[in-house]
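Source file structure-v3.cif; content: mmCIF, C-alpha atoms and all ligand atoms.
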data_protein
loop_
_atom_site.label_atom_id
_atom_site.label_comp_id
_atom_site.auth_asym_id
_atom_site.auth_seq_id
_atom_site.Cartn_x
_atom_site.Cartn_y
_atom_site.Cartn_z
CA MET S 1 -18.34 2.03 32.70
CA ARG S 2 -19.07 1.06 29.12
CA PRO S 3 -17.47 -2.29 28.26
CA SER S 4 -14.99 -1.73 25.48
CA PRO S 5 -12.91 -4.00 23.30
CA ALA S 6 -9.80 -2.50 24.81
CA LEU S 7 -10.79 -3.68 28.27
CA ALA S 8 -10.79 -7.25 27.07
CA GLY S 9 -7.05 -7.05 26.48
CA GLY S 10 -4.43 -4.75 27.93
CA GLY S 11 -7.05 -2.21 28.89
CA ARG S 12 -7.91 -4.20 31.97
CA THR S 13 -4.41 -3.69 33.24
CA VAL S 14 -4.62 -0.01 32.46
CA ALA S 15 -7.90 0.16 34.35
CA ASN S 16 -6.16 -1.52 37.28
CA LEU S 17 -3.28 0.92 37.13
CA LEU S 18 -5.64 3.87 36.99
CA SER S 19 -7.92 2.66 39.76
CA ALA S 20 -4.95 1.96 42.05
CA THR S 21 -3.62 5.49 41.63
CA GLU S 22 -4.40 8.37 43.93
CA TRP S 23 -5.21 11.55 41.97
CA MET S 24 -4.95 15.27 42.42
CA LEU S 25 -7.84 16.03 40.07
CA PRO S 26 -11.15 14.77 41.44
CA SER S 27 -12.15 13.72 37.92
CA PRO S 28 -10.30 13.33 34.62
CA ALA S 29 -13.11 15.20 32.87
CA THR S 30 -12.30 18.08 30.57
CA GLN S 31 -14.30 20.05 28.02
CA VAL S 32 -13.95 19.23 24.34
CA HIS S 33 -14.82 22.00 21.91
CA THR S 34 -15.41 21.59 18.18
CA ILE S 35 -13.81 24.25 16.00
CA SER S 36 -15.00 24.93 12.49
CA VAL S 37 -12.46 26.21 9.98
CA LEU S 38 -13.74 28.72 7.46
CA PRO S 39 -11.92 30.27 4.56
CA SER S 40 -11.18 33.91 5.03
CA HIS S 41 -11.19 36.62 2.34
CA SER S 42 -7.68 36.24 0.98
CA PRO S 43 -7.28 32.64 -0.27
CA PRO S 44 -3.70 31.37 -0.28
CA SER S 45 -1.45 30.02 2.45
CA PRO S 46 -2.63 28.57 5.73
CA PRO S 47 -3.00 29.14 8.57
CA HIS S 48 -3.25 32.90 8.76
CA HIS S 49 -6.11 33.27 6.34
CA PHE S 50 -8.73 31.19 8.07
CA ALA S 51 -11.57 32.26 10.24
CA PHE S 52 -12.73 30.02 13.07
CA SER S 53 -15.87 29.41 14.99
CA ASN S 54 -16.45 27.44 18.15
CA LEU S 55 -19.43 25.18 17.44
CA THR S 56 -19.63 24.09 21.08
CA THR S 57 -20.09 27.55 22.53
CA ALA S 58 -21.61 29.46 19.59
CA PRO S 59 -25.37 29.93 19.75
CA LYS S 60 -27.07 27.53 17.30
CA ARG S 61 -28.35 29.11 14.14
CA ASN S 62 -31.77 28.22 12.68
CA GLY S 63 -31.87 24.45 12.48
CA GLY S 64 -28.12 24.33 13.05
CA LYS S 65 -27.39 24.82 9.34
CA GLY S 66 -24.86 27.57 9.51
CA GLU S 67 -22.08 28.30 7.08
CA GLU S 68 -20.04 25.78 9.08
CA GLU S 69 -21.94 22.87 7.54
CA GLY S 70 -19.52 20.52 5.77
CA ARG S 71 -16.48 22.61 6.67
CA PRO S 72 -13.27 21.16 8.05
CA ARG S 73 -13.33 20.93 11.81
CA PHE S 74 -11.21 19.74 14.69
CA GLU S 75 -11.60 19.19 18.41
CA VAL S 76 -9.79 21.05 21.15
CA VAL S 77 -9.34 19.32 24.51
CA ARG S 78 -9.68 22.27 26.87
CA ASP S 79 -7.21 21.26 29.54
CA ASP S 80 -6.45 24.98 29.79
CA LEU S 81 -9.71 25.22 31.75
CA LEU S 82 -8.69 22.73 34.46
CA HIS S 83 -7.41 25.50 36.74
CA PRO S 84 -6.87 29.25 36.32
CA LEU S 85 -3.07 28.95 36.48
CA ALA S 86 -1.90 25.39 37.09
CA ASN S 87 -3.61 23.89 34.07
CA GLY S 88 -2.92 22.11 30.83
CA ASN S 89 -0.33 19.38 30.64
CA LYS S 90 1.21 20.52 33.93
CA ALA S 91 -2.03 19.65 35.71
CA ARG S 92 -2.04 16.25 33.98
CA LYS S 93 1.56 15.62 34.96
CA LEU S 94 0.88 16.55 38.58
CA ASP S 95 -2.34 14.55 38.66
CA ALA S 96 -0.60 11.34 39.76
CA LEU S 97 2.57 12.91 41.11
CA LEU S 98 1.21 15.33 43.68
CA PRO S 99 -0.67 12.81 45.85
CA LEU S 100 2.48 10.67 45.84
CA LEU S 101 4.63 13.57 47.03
CA ARG S 102 2.06 14.63 49.61
CA ARG S 103 2.02 11.18 51.07
CA ARG S 104 5.74 11.35 51.48
CA GLY S 105 5.36 14.56 53.42
CA ALA S 106 6.29 17.12 50.76
CA THR S 107 4.90 20.58 51.38
CA ASP S 108 6.38 22.44 48.39
CA VAL S 109 7.37 21.33 44.92
CA VAL S 110 10.09 22.93 42.83
CA THR S 111 10.37 21.61 39.30
CA CYS S 112 12.88 22.32 36.62
CA GLY S 113 13.42 21.27 33.04
CA GLY S 114 13.89 17.56 32.78
CA CYS S 115 13.54 16.38 36.34
CA GLN S 116 9.99 15.24 36.37
CA SER S 117 8.75 11.80 37.18
CA ALA S 118 8.16 10.55 33.67
CA HIS S 119 6.19 7.60 34.93
CA ALA S 120 3.78 9.66 37.04
CA ALA S 121 3.47 12.18 34.22
CA ALA S 122 2.61 9.44 31.75
CA THR S 123 0.04 7.99 34.17
CA GLY S 124 -1.80 11.32 34.35
CA VAL S 125 -1.82 11.62 30.57
CA ILE S 126 -2.98 8.00 30.17
CA ARG S 127 -5.89 8.87 32.45
CA LEU S 128 -6.80 11.64 30.03
CA VAL S 129 -6.64 9.29 27.03
CA GLU S 130 -8.91 6.84 28.79
CA TYR S 131 -11.37 9.62 29.61
CA LEU S 132 -11.44 10.79 25.98
CA TYR S 133 -11.85 7.31 24.64
CA ASN S 134 -14.88 6.79 26.84
CA LEU S 135 -16.63 9.77 25.29
CA SER S 136 -19.04 8.48 22.68
CA SER S 137 -17.80 10.99 20.15
CA PHE S 138 -14.34 9.42 20.36
CA HIS S 139 -14.78 5.70 20.64
CA LYS S 140 -16.90 5.56 17.52
CA HIS S 141 -14.03 7.08 15.59
CA GLU S 142 -11.27 4.76 14.54
CA ASN S 143 -9.20 7.41 12.91
CA VAL S 144 -8.17 9.78 15.63
CA HIS S 145 -5.17 12.00 15.12
CA VAL S 146 -3.94 13.75 18.25
CA VAL S 147 -1.84 16.90 17.96
CA VAL S 148 0.22 18.38 20.76
CA ASP S 149 2.99 20.93 21.12
CA ALA S 150 6.21 19.57 22.59
CA GLY S 151 8.71 21.07 25.01
CA THR S 152 10.43 18.02 26.47
CA GLY S 153 8.01 15.74 24.61
CA THR S 154 6.87 13.94 27.76
CA THR S 155 3.22 14.78 27.20
CA ALA S 156 3.34 13.54 23.61
CA VAL S 157 4.96 10.26 24.60
CA GLY S 158 2.43 9.84 27.44
CA LEU S 159 -0.44 10.29 25.00
CA ALA S 160 1.02 7.71 22.62
CA LEU S 161 1.66 5.25 25.46
CA GLY S 162 -1.90 5.73 26.66
CA ALA S 163 -3.26 4.96 23.21
CA VAL S 164 -1.12 1.83 22.88
CA CYS S 165 -2.01 0.55 26.36
CA LEU S 166 -5.71 1.00 25.60
CA GLY S 167 -5.39 -0.73 22.24
CA LEU S 168 -6.27 2.39 20.26
CA HIS S 169 -4.81 3.07 16.86
CA TRP S 170 -4.52 6.75 17.47
CA ARG S 171 -1.80 8.74 15.77
CA VAL S 172 0.06 11.26 17.86
CA THR S 173 1.82 14.15 16.15
CA ALA S 174 4.01 16.40 18.25
CA VAL S 175 5.25 19.79 17.08
CA MET S 176 8.90 20.16 18.11
CA LEU S 177 9.51 23.51 19.74
CA ALA S 178 12.56 23.27 21.93
CA ASP S 179 14.94 20.69 20.50
CA THR S 180 16.15 18.73 17.52
CA LEU S 181 14.44 15.69 16.05
CA GLU S 182 17.35 13.54 17.17
CA ARG S 183 17.02 14.65 20.78
CA TYR S 184 13.25 14.17 20.81
CA LYS S 185 13.68 10.63 19.49
CA GLU S 186 16.34 9.91 22.06
CA ARG S 187 14.14 11.14 24.87
CA GLU S 188 11.17 9.20 23.54
CA LYS S 189 13.21 6.03 23.49
CA SER S 190 14.32 6.50 27.07
CA LEU S 191 10.82 7.44 28.31
CA ILE S 192 9.36 4.31 26.72
CA SER S 193 12.06 2.12 28.16
CA ASP S 194 11.58 3.67 31.64
CA PHE S 195 7.89 3.06 31.35
CA LYS S 196 8.50 -0.57 30.41
CA LYS S 197 10.80 -1.05 33.40
CA LEU S 198 8.47 0.62 35.85
CA CYS S 199 5.55 -1.49 34.75
CA HIS S 200 7.62 -4.64 35.30
CA ASN S 201 5.65 -7.73 34.44
CA ASN S 202 2.48 -5.80 33.90
CA TYR S 203 3.91 -4.20 30.85
CA HIS S 204 3.36 -7.16 28.56
CA GLU S 205 -0.20 -7.60 29.74
CA MET S 206 -0.66 -3.92 29.25
CA VAL S 207 0.36 -3.59 25.65
CA GLY S 208 -0.81 -7.06 24.68
CA GLU S 209 0.71 -8.44 21.53
CA ASN S 210 1.77 -5.12 20.15
CA ASP S 211 5.43 -4.82 20.70
CA ILE S 212 5.67 -1.11 20.58
CA GLY S 213 9.37 -0.70 19.90
CA ASP S 214 10.74 2.65 20.90
CA SER S 215 9.10 5.05 18.51
CA LEU S 216 5.43 5.97 18.77
CA VAL S 217 5.20 9.69 18.17
CA GLU S 218 5.43 11.50 14.84
CA TRP S 219 7.70 14.45 15.50
CA VAL S 220 7.21 17.36 13.11
CA GLU S 221 8.74 20.79 12.64
CA ARG S 222 6.65 23.83 13.31
CA PHE S 223 5.44 25.45 10.05
CA SER S 224 7.60 28.45 10.81
CA PRO S 225 10.58 27.07 12.72
CA ARG S 226 12.49 29.43 14.98
CA ARG S 227 14.70 29.54 18.03
CA PHE S 228 12.66 28.44 21.06
CA GLY S 229 10.79 31.31 22.66
CA LYS S 230 10.86 33.60 19.64
CA VAL S 231 7.60 35.20 18.56
CA LEU S 232 7.14 36.13 14.90
CA ASN S 233 5.33 39.17 13.53
CA GLY S 234 1.58 38.78 13.43
CA GLU S 235 1.42 35.84 15.83
CA ILE S 236 0.08 37.74 18.81
CA ALA S 237 -2.53 39.32 16.53
CA LEU S 238 -3.44 35.85 15.26
CA CYS S 239 -3.85 34.61 18.84
CA ARG S 240 -6.10 37.58 19.51
CA GLN S 241 -8.18 36.82 16.39
CA ILE S 242 -8.62 33.19 17.49
CA ALA S 243 -9.58 34.28 21.00
CA GLN S 244 -12.18 36.68 19.64
CA GLN S 245 -13.66 34.12 17.25
CA THR S 246 -13.62 31.04 19.50
CA GLY S 247 -13.05 32.13 23.09
CA ILE S 248 -9.90 30.00 23.16
CA LEU S 249 -6.74 31.63 24.42
CA LEU S 250 -3.53 30.52 22.71
CA ASP S 251 0.02 31.68 23.21
CA PRO S 252 2.39 32.18 20.27
CA MET S 253 5.20 30.04 21.70
CA TYR S 254 3.44 26.79 22.49
CA THR S 255 -0.23 26.28 21.83
CA LEU S 256 -0.47 28.30 18.60
CA ALA S 257 1.96 25.77 17.09
CA GLY S 258 -0.43 22.91 17.92
CA TRP S 259 -3.41 24.87 16.61
CA GLU S 260 -1.71 25.53 13.26
CA GLN S 261 -0.88 21.84 12.92
CA ALA S 262 -4.46 20.81 13.76
CA VAL S 263 -5.88 23.26 11.20
CA ASP S 264 -3.57 21.94 8.52
CA LEU S 265 -4.44 18.31 9.26
CA CYS S 266 -8.20 18.75 9.29
CA VAL S 267 -8.20 20.82 6.10
CA GLY S 268 -6.23 18.07 4.38
CA ASP S 269 -8.23 15.08 5.64
CA SER S 270 -11.93 15.11 6.40
CA ARG S 271 -12.22 11.45 7.45
CA THR S 272 -9.92 11.71 10.42
CA LYS S 273 -10.95 13.15 13.74
CA VAL S 274 -8.25 15.71 14.49
CA VAL S 275 -7.84 16.48 18.17
CA MET S 276 -5.63 19.20 19.58
CA ILE S 277 -4.65 18.94 23.22
CA HIS S 278 -4.66 22.44 24.70
CA THR S 279 -1.59 22.26 26.91
CA GLY S 280 -2.41 25.43 28.84
CA GLY S 281 0.50 27.81 29.28
CA THR S 282 -1.56 30.53 30.91
CA LEU S 283 1.26 31.62 33.22
CA GLY S 284 3.40 32.34 30.17
CA PHE S 285 1.18 35.30 29.32
CA CYS S 286 2.68 37.28 32.17
CA GLY S 287 6.12 37.13 30.60
CA LEU S 288 4.70 37.70 27.15
CA ALA S 289 2.85 40.81 28.25
CA GLN S 290 6.08 42.19 29.70
CA ARG S 291 8.13 41.46 26.61
CA TYR S 292 5.57 42.60 24.07
CA SER S 293 3.74 45.19 26.13
CA SER S 294 2.51 47.17 23.12
CA HIS S 295 0.40 44.17 22.08
CA PHE S 296 -1.24 43.99 25.46
CA THR S 297 -2.49 47.55 25.88
CA SER S 298 -6.06 48.46 25.13
CA ASP S 299 -5.33 50.79 22.18
CA GLU S 300 -3.61 48.00 20.21
CA GLN S 301 -6.57 46.02 19.01
CA THR S 302 -6.09 45.47 15.32
C1 LIG E 1 5.17 22.79 29.67
C2 LIG E 1 4.46 23.02 28.42
C3 LIG E 1 4.73 22.26 27.27
C4 LIG E 1 5.79 21.20 27.22
O1 LIG E 1 5.31 19.94 27.58
P1 LIG E 1 6.25 18.67 27.43
O2 LIG E 1 5.54 17.57 28.10
O3 LIG E 1 7.54 19.02 28.13
O4 LIG E 1 6.47 18.44 25.97
C5 LIG E 1 4.00 22.51 26.13
N1 LIG E 1 3.06 23.47 26.11
C6 LIG E 1 2.77 24.21 27.18
C7 LIG E 1 1.71 25.26 27.07
C8 LIG E 1 3.46 24.03 28.37
O5 LIG E 1 3.17 24.79 29.44
#
Will you turn the file into structure tokens for me?
Ligand SMILES: *Cc1c(COP(=O)(O)O)cnc(C)c1O
Amino acid sequence: MRPSPALAGGGRTVANLLSATEWMLPSPATQVHTISVLPSHSPPSPPHHFAFSNLTTAPKRNGGKGEEEGRPRFEVVRDDLLHPLANGNKARKLDALLPLLRRRGATDVVTCGGCQSAHAAATGVIRLVEYLYNLSSFHKHENVHVVVDAGTGTTAVGLALGAVCLGLHWRVTAVMLADTLERYKEREKSLISDFKKLCHNNYHEMVGENDIGDSLVEWVERFSPRRFGKVLNGEIALCRQIAQQTGILLDPMYTLAGWEQAVDLCVGDSRTKVVMIHTGGTLGFCGLAQRYSSHFTSDEQT
């Protein structure tokens, strides 16, 4: 592996942690797609009036000088492609947890709301951060701003812990979808303190001199806040538009919120590498198609 400044410090401990862990996923690899943001016909108000193109999958135009040249862009970490159904952040959370459970003889796993092993979940997400950092397109960039949608917020905290442990000055912004700012901060504090305890003595080696305190993530409201699970007018159509233009499937409850945040950040700041983690959510489409069936029939395509 490429020697990195991070490995000189706490990164070595992270490398030890990661190499001592048994994984569900054979490799941490995931696809990263670059999305170009183009203005659409009617100017004002993001994010509904943008058009998008997927520079990674789109056929190259003559000499690569398309209309995307110089446009705002952001990266999408395609964890939604890890598995047809069990993908996204759930796959990352299970990455370290499943082998552990299997070894203890578990044959079935039932999960609910908050009872997940935060430590194992964080380990899987840290493995993802390390993988991304080792991509040449990432480690050359100092200013990386990661965006993720948050249910419990475990994924967001895991990403931030991963960055700290690897000595990266990455910002992590989480879009709050299911709770209040106060509750997210509370949970963050307790996840960080659990992580510190579980790492025991290794923890100080791991984070080096940075005392991380108990707040790493920037928690933000969704642009159009609503009761969790509610879908607003036009959002399913917007998801369809994005799917048609980029081949990336989003759902209006979770991943569209992250997408909107990533678009806003990259339009406002061209020097930062904005990275959206696609948290998956594919199974949610079944429920969505039942609740909003008119949007999922073939004659509704506008
Ligand atoms: C489960 C899930 C989340 C919530 O993840 P947390 O780690 O609880 O914040 C977010 N997005 C999608 C698509 C999910 O399936």
Please report the interatomic distance between CA of Val172 (chain S) and CA of Lys273 (chain S) in Å with one decimal. 11.9 Å
Counting all atoms listed in the file, what are the residues, protein, DNA or RNA alike, that approach ligand LIG 1 (chain E) to within 10 Å? I want them as a PyMOL selection string. chain S and resi 80+86-93+113-114+116+118+121-122+125+148-159+174-178+184+250-258+277-284
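CA of Ala120 (chain S) to CA of Lys189 (chain S) spans 16.9 Å [interatomic distance, one decimal].
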As a check of understanding: the span from CA of Asp214 (chain S) to CA of His145 (chain S) is 19.3 Å
Restricting the calculation to all atoms listed in the file, which member of S:Leu98, S:Val147, S:Ile35, S:Leu166 is positioned closest to Asn16 (chain S)?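 Nearest candidate to Asn16 (chain S) out of S:Leu98, S:Val147, S:Ile35, S:Leu166: S:Leu166.
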Which residue of S:His169, S:Arg78, S:Lys60, S:Lys185 approaches Thr30 (chain S) most closely, using only C-alpha atoms: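 So, comparing all the options, the nearest one is S:Arg78.
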Scan for residues within 8 Å of the point (-14.6, 23.1, 22.5) in the coordinates of the file, using only C-alpha atoms, and reply as a list in words.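 Result, sorted by chain then residue number: Gln31, Val32, His33, Thr34, Ile35, Asn54, Leu55, Thr56, Thr57, Glu75, Val76, Val77 and Arg78 of chain S.
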Of the candidates S:Val275, S:Val220, S:Ile248, S:Leu265, which shows the shortest atom-to-atom distance to Glu182 (chain S), using only C-alpha atoms? S:Val220
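Using only C-alpha atoms, the protein and nucleic acid residues lying no more than 7 Å from Trp23 (chain S), apart from those fewer than 5 places from it along its own chain, are Asp95, Ala96 and Pro99 of chain S.
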I'd like the neighbourhood of Asp269 (chain S) as a ChimeraX atom specification, where a residue qualifies if any of its atoms comes within 12 Å (using all atoms listed in the file), though same-chain residues fewer than 6 positions away should be ignored. /S:71-74,143-145,262-263
Written-out region 289-300 of chain S (all heavy atoms) as an mmCIF file, in the first residue's frame:
data_model
loop_
_atom_site.group_PDB
_atom_site.id
_atom_site.type_symbol
_atom_site.label_atom_id
_atom_site.label_comp_id
_atom_site.auth_asym_id
_atom_site.auth_seq_id
_atom_site.Cartn_x
_atom_site.Cartn_y
_atom_site.Cartn_z
ATOM 1 N N ALA S 289 -43.291 2.420 -3.607
ATOM 2 C CA ALA S 289 -44.110 2.075 -4.775
ATOM 3 C C ALA S 289 -45.523 1.690 -4.356
ATOM 4 O O ALA S 289 -46.483 1.875 -5.116
ATOM 5 C CB ALA S 289 -43.448 0.940 -5.546
ATOM 6 N N GLN S 290 -45.675 1.170 -3.144
ATOM 7 C CA GLN S 290 -47.016 0.850 -2.650
ATOM 8 C C GLN S 290 -47.754 2.118 -2.252
ATOM 9 O O GLN S 290 -48.922 2.299 -2.579
ATOM 10 C CB GLN S 290 -46.918 -0.079 -1.439
ATOM 11 C CG GLN S 290 -46.604 -1.515 -1.815
ATOM 12 C CD GLN S 290 -46.657 -2.435 -0.609
ATOM 13 O OE1 GLN S 290 -46.256 -2.044 0.499
ATOM 14 N NE2 GLN S 290 -47.124 -3.648 -0.812
ATOM 15 N N ARG S 291 -47.033 3.016 -1.576
ATOM 16 C CA ARG S 291 -47.683 4.225 -1.077
ATOM 17 C C ARG S 291 -47.983 5.220 -2.183
ATOM 18 O O ARG S 291 -48.964 5.936 -2.135
ATOM 19 C CB ARG S 291 -46.791 4.893 -0.033
ATOM 20 C CG ARG S 291 -47.225 4.620 1.380
ATOM 21 C CD ARG S 291 -46.232 5.188 2.370
ATOM 22 N NE ARG S 291 -46.183 6.651 2.341
ATOM 23 C CZ ARG S 291 -45.236 7.365 2.962
ATOM 24 N NH1 ARG S 291 -44.284 6.740 3.629
ATOM 25 N NH2 ARG S 291 -45.246 8.674 2.922
ATOM 26 N N TYR S 292 -47.094 5.303 -3.147
ATOM 27 C CA TYR S 292 -47.274 6.286 -4.218
ATOM 28 C C TYR S 292 -47.346 5.557 -5.553
ATOM 29 O O TYR S 292 -46.584 5.835 -6.471
ATOM 30 C CB TYR S 292 -46.110 7.284 -4.222
ATOM 31 C CG TYR S 292 -45.960 8.003 -2.898
ATOM 32 C CD1 TYR S 292 -45.091 7.531 -1.927
ATOM 33 C CD2 TYR S 292 -46.713 9.146 -2.616
ATOM 34 C CE1 TYR S 292 -44.961 8.178 -0.699
ATOM 35 C CE2 TYR S 292 -46.602 9.795 -1.395
ATOM 36 C CZ TYR S 292 -45.722 9.317 -0.440
ATOM 37 O OH TYR S 292 -45.605 9.952 0.765
ATOM 38 N N SER S 293 -48.302 4.633 -5.650
ATOM 39 C CA SER S 293 -48.305 3.733 -6.802
ATOM 40 C C SER S 293 -48.454 4.478 -8.128
ATOM 41 O O SER S 293 -47.900 4.054 -9.134
ATOM 42 C CB SER S 293 -49.400 2.683 -6.643
ATOM 43 O OG SER S 293 -50.632 3.327 -6.421
ATOM 44 N N SER S 294 -49.155 5.622 -8.122
ATOM 45 C CA SER S 294 -49.364 6.311 -9.402
ATOM 46 C C SER S 294 -48.036 6.784 -10.002
ATOM 47 O O SER S 294 -47.908 6.918 -11.221
ATOM 48 C CB SER S 294 -50.307 7.500 -9.221
ATOM 49 O OG SER S 294 -49.668 8.503 -8.451
ATOM 50 N N HIS S 295 -47.032 7.009 -9.140
ATOM 51 C CA HIS S 295 -45.731 7.455 -9.646
ATOM 52 C C HIS S 295 -44.898 6.304 -10.207
ATOM 53 O O HIS S 295 -43.841 6.507 -10.774
ATOM 54 C CB HIS S 295 -44.919 8.124 -8.536
ATOM 55 C CG HIS S 295 -45.471 9.441 -8.116
ATOM 56 N ND1 HIS S 295 -45.172 10.613 -8.757
ATOM 57 C CD2 HIS S 295 -46.333 9.764 -7.123
ATOM 58 C CE1 HIS S 295 -45.802 11.615 -8.177
ATOM 59 N NE2 HIS S 295 -46.520 11.131 -7.173
ATOM 60 N N PHE S 296 -45.353 5.103 -9.952
ATOM 61 C CA PHE S 296 -44.535 3.955 -10.331
ATOM 62 C C PHE S 296 -45.172 3.121 -11.443
ATOM 63 O O PHE S 296 -44.804 1.988 -11.647
ATOM 64 C CB PHE S 296 -44.253 3.075 -9.105
ATOM 65 C CG PHE S 296 -43.262 3.706 -8.162
ATOM 66 C CD1 PHE S 296 -43.660 4.663 -7.244
ATOM 67 C CD2 PHE S 296 -41.916 3.360 -8.226
ATOM 68 C CE1 PHE S 296 -42.745 5.258 -6.383
ATOM 69 C CE2 PHE S 296 -40.992 3.947 -7.366
ATOM 70 C CZ PHE S 296 -41.402 4.901 -6.442
ATOM 71 N N THR S 297 -46.171 3.690 -12.117
ATOM 72 C CA THR S 297 -46.751 2.962 -13.241
ATOM 73 C C THR S 297 -46.219 3.570 -14.528
ATOM 74 O O THR S 297 -45.795 4.721 -14.561
ATOM 75 C CB THR S 297 -48.294 3.045 -13.216
ATOM 76 O OG1 THR S 297 -48.673 4.415 -13.147
ATOM 77 C CG2 THR S 297 -48.848 2.296 -12.017
ATOM 78 N N SER S 298 -46.269 2.789 -15.579
ATOM 79 C CA SER S 298 -45.526 3.172 -16.789
ATOM 80 C C SER S 298 -46.125 4.387 -17.494
ATOM 81 O O SER S 298 -45.425 5.066 -18.243
ATOM 82 C CB SER S 298 -45.477 1.996 -17.756
ATOM 83 O OG SER S 298 -46.794 1.538 -17.974
ATOM 84 N N ASP S 299 -47.404 4.728 -17.254
ATOM 85 C CA ASP S 299 -47.958 5.875 -17.966
ATOM 86 C C ASP S 299 -47.698 7.206 -17.248
ATOM 87 O O ASP S 299 -48.102 8.246 -17.690
ATOM 88 C CB ASP S 299 -49.472 5.677 -18.202
ATOM 89 C CG ASP S 299 -50.188 5.240 -16.935
ATOM 90 O OD1 ASP S 299 -49.544 4.573 -16.113
ATOM 91 O OD2 ASP S 299 -51.375 5.570 -16.762
ATOM 92 N N GLU S 300 -47.022 7.135 -16.113
ATOM 93 C CA GLU S 300 -46.699 8.361 -15.349
ATOM 94 C C GLU S 300 -45.232 8.668 -15.545
ATOM 95 O O GLU S 300 -44.410 8.291 -14.731
ATOM 96 C CB GLU S 300 -46.952 8.098 -13.870
ATOM 97 C CG GLU S 300 -47.832 9.046 -13.140
ATOM 98 C CD GLU S 300 -47.340 10.448 -12.846
ATOM 99 O OE1 GLU S 300 -46.181 10.816 -13.098
ATOM 100 O OE2 GLU S 300 -48.185 11.196 -12.350
#
